[in-house]
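Notes to accompany the following structure.
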Amino acid sequence: MGTISKDTFKRLFLLYTIGCFKDGVYGLLRLNKIVYFGLKDARLKPFGFKRDRYGQHSDDLDTINEQLLSMNYTKATPLESGQGNKYSLTDKKNTRFHSLALSRIDSKLRGKIDEAVKTYGYLLENELIEKAHLDAEFLEAVKNDVNVLFDEQLPKRISVDLSDDDCEDLELALDPDFISAMRRL
Amino acid sequence: MTSYKIVWHGIFDYQYKHLQDNSPLKRQVDKQLEVIVTDPANAGAALQGLPTDLAGKVKKLKVGGRKGYRMIIKTNHHERVVKICFITPVKRGQLDYKKLTRDLNDLIDGQVEEKSLKMFLIK
């Protein structure tokens with residue numbers, strides 16, 4: 001049994017989530033909403049969510065998404081609407097390893113994300129926003145004028161039922177500084 | 001046999017110079033260097049899950065056993081070069097990857113002061 005850092009877990013989780021979308025994620029707003037739905041009842045919450053003008057949103061998720069782009073695990077291509085990008089995996093050959101790692105951390109979490117993508121992933125944007133705005137927890141937060149929907153909930157180190165070697169590989173392969181250094185060598 | 005050029009990065013060069021003569025650790029590092037020289041194309045285990053452009057190129061060799069240190073190398077098959085990058089400065093389990101990779105990113109580009117290299121002294 002090995003462990004990984006919180007940041008590595010966040011990158012792994014978001015990478016897995018983006019990979020669940022067969023035709024990519026149509027926009028960052030959509031990615032935020034799907035992750036919110038996947039995490040709201042989860043035990044481990046890699047991202048905290050707040051309420052803003054677009055509904056449920058995570059600044060941390062946006063940051064991690066940019067890191068995945070910078071490492072070239074994902075790519076962003078402009079949407080036909082001209083507003084926003086489609087996010088998709090650059091290469092699917094690591095999907096199995098990432099999927100295995102996530103299921104060895106929390107198989108229920110993986111199931112929740114699979115379900116959220118299946119249920120909401122390709123709804124029309126206005127339908128998705130409507131669902132998000134009708135979410136019970138969101139309505140409760142609006143009613144009580146609370147901005148934080150839920151906080152990140154992670155232990156300092158995340159246990160993974162994989163070998164120390166595999167965890168070390170995850171830690172290095174999902175670190176933007178390491179990837180940048182190795183590219184420049 | 002295919003010939004590869006073996007290059008030592010400044011970080012590894014500094015670390016190697018500061019290894020204690022005849023210490024068990026130095027003997028293990030020398031053993032792994034021998035492995036690299038003997039079979040440069042296949043030396044080390046490739047890190048899993050890397051982006052496509054680095055897949056199969058960045059590898060690790062164990063120094064001091066399973067819970068010991070890791071020697072990181074980068075193999076460029078196209079240019080037939082193996083670059084020995086660095087050894088993780090502390091044993092696994094005590095390793096702060098975030099600090100390691102930040103220090104590495106600051107140092108990797110070339111000539112650096114000895115003061116900065118001290119962060120990579122093997123403890």
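We name chains A, B, ... following the order of the structure tokens; residues begin at 1 in each chain, and ligands are numbered from 1 as shown.
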
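Within 9 Å of chain A, and using only C-alpha atoms, the residues found on chain B are His9, Leu47, Gln48, Gly49, Leu50, Pro51, Thr52, Asp53, Leu54, Val58, Arg66, Lys67, Lys74, Lys83, Cys85, Arg92, Tyr97, Lys98, Leu100, Thr101, Arg102, Asp103, Leu104, Asn105, Asp106, Leu107, Ile108 and Asp109 of chain B.
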
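For Glu114 (chain B), the non-local neighbours within 12 Å, defined as residues at least 3 positions apart in the same chain or in other chains and counting only C-alpha atoms, are Gly10, Ile11, Asp13, Tyr14, Gln15, His18, Leu107, Gln111, Leu117, Lys118, Met119, Phe120 and Leu121 of chain B.
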
Residue set, chain A restricted to strand (DSSP E), as a PyMOL selection string: chain A and resi 2-5+25-26+49-52+55-57+74-78+85-89+148-150+157-160

Mind checking which residues fall within 10 Å of Ile129 (chain A), counting only C-alpha atoms, ignoring those fewer than 2 positions away in the same chain, and posting them as a ChimeraX atom specification? /A:29-30,33,54-56,123-127,131-135

Would you mind exporting the chosen residues as an mmCIF file, in the first residue's frame, restricted to C-alpha atoms?
```cif
data_model
loop_
_atom_site.group_PDB
_atom_site.id
_atom_site.type_symbol
_atom_site.label_atom_id
_atom_site.label_comp_id
_atom_site.auth_asym_id
_atom_site.auth_seq_id
_atom_site.Cartn_x
_atom_site.Cartn_y
_atom_site.Cartn_z
ATOM 1 C CA LEU A 29 -18.551 25.393 -16.974
ATOM 2 C CA ARG A 30 -19.732 21.904 -17.892
ATOM 3 C CA LYS A 33 -20.929 21.118 -12.963
ATOM 4 C CA TYR A 54 -22.513 30.686 -12.993
ATOM 5 C CA GLY A 55 -23.706 28.372 -10.231
ATOM 6 C CA GLN A 56 -21.402 25.726 -8.722
ATOM 7 C CA LEU A 123 -27.013 17.581 -21.692
ATOM 8 C CA LEU A 124 -27.638 20.788 -23.578
ATOM 9 C CA GLU A 125 -25.950 23.617 -21.732
ATOM 10 C CA ASN A 126 -29.189 25.343 -20.705
ATOM 11 C CA GLU A 127 -30.565 22.016 -19.418
ATOM 12 C CA LYS A 131 -30.393 21.042 -13.310
ATOM 13 C CA ALA A 132 -27.500 22.657 -11.475
ATOM 14 C CA HIS A 133 -29.628 25.574 -10.299
ATOM 15 C CA LEU A 134 -32.368 23.224 -9.117
ATOM 16 C CA ASP A 135 -29.936 21.147 -7.064
#
```

Quick check, in Å to one decimal: how far apart do CA of Ala45 (chain B) and CA of Met71 (chain B) lie? 10.5 Å

Nearest to Arg104 (chain A), restricted to only C-alpha atoms and choosing among A:Lys40, A:Tyr26, A:Val160, A:Leu12, comes out as A:Val160

Nearest residue to Phe13 (chain A) from the set A:Phe150, A:Tyr120, A:Phe47, A:Phe138 (distances using only C-alpha atoms): A:Phe47

Can you list every residue in region 108-152 of chain A that DSSP puts in alpha helix (DSSP H), as a count of residues only? 30

Residues at most 9 Å from Gly84 (chain A), counting only C-alpha atoms, excluding those fewer than 5 positions away in the same chain, as a short mmCIF file (atom, residue, chain, number, x, y, z; two decimals) with N, CA and C atoms, in the first residue's frame?
```cif
data_model
loop_
_atom_site.label_atom_id
_atom_site.label_comp_id
_atom_site.auth_asym_id
_atom_site.auth_seq_id
_atom_site.Cartn_x
_atom_site.Cartn_y
_atom_site.Cartn_z
N TYR A 26 -17.35 19.71 -23.29
CA TYR A 26 -17.73 20.95 -23.97
C TYR A 26 -17.80 22.10 -22.96
N GLY A 27 -16.64 22.67 -22.67
CA GLY A 27 -16.59 23.86 -21.83
C GLY A 27 -16.23 23.60 -20.38
N LEU A 28 -15.59 24.61 -19.79
CA LEU A 28 -15.14 24.53 -18.40
C LEU A 28 -16.32 24.58 -17.43
N LEU A 29 -17.36 25.31 -17.82
CA LEU A 29 -18.55 25.39 -16.97
C LEU A 29 -19.15 23.99 -16.81
N THR A 77 -9.50 22.68 -27.55
CA THR A 77 -9.77 23.15 -28.91
C THR A 77 -11.02 24.04 -28.86
N PRO A 78 -11.01 25.15 -29.62
CA PRO A 78 -12.14 26.09 -29.54
C PRO A 78 -13.46 25.43 -29.92
N LEU A 79 -14.49 25.77 -29.16
CA LEU A 79 -15.82 25.26 -29.50
C LEU A 79 -16.37 26.01 -30.71
#
```

With only C-alpha atoms as the counted atoms, please give the residues lying no more than 8 Å from Lys57 (chain B), apart from itself and same-chain residues fewer than 4 positions off, as a VMD selection string. chain B and resid 46 74 to 76

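For the atom pair formed by CA of Pro89 (chain B) and CA of Lys123 (chain B), the distance is 6.2 Å, given to one decimal.
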
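Near region 110-116 of chain A, within 6 Å and counting only C-alpha atoms, sit Ile34, Gly38, Ser107, Thr119 and Tyr120 of chain A, not including residues fewer than 3 positions from it in the same chain.
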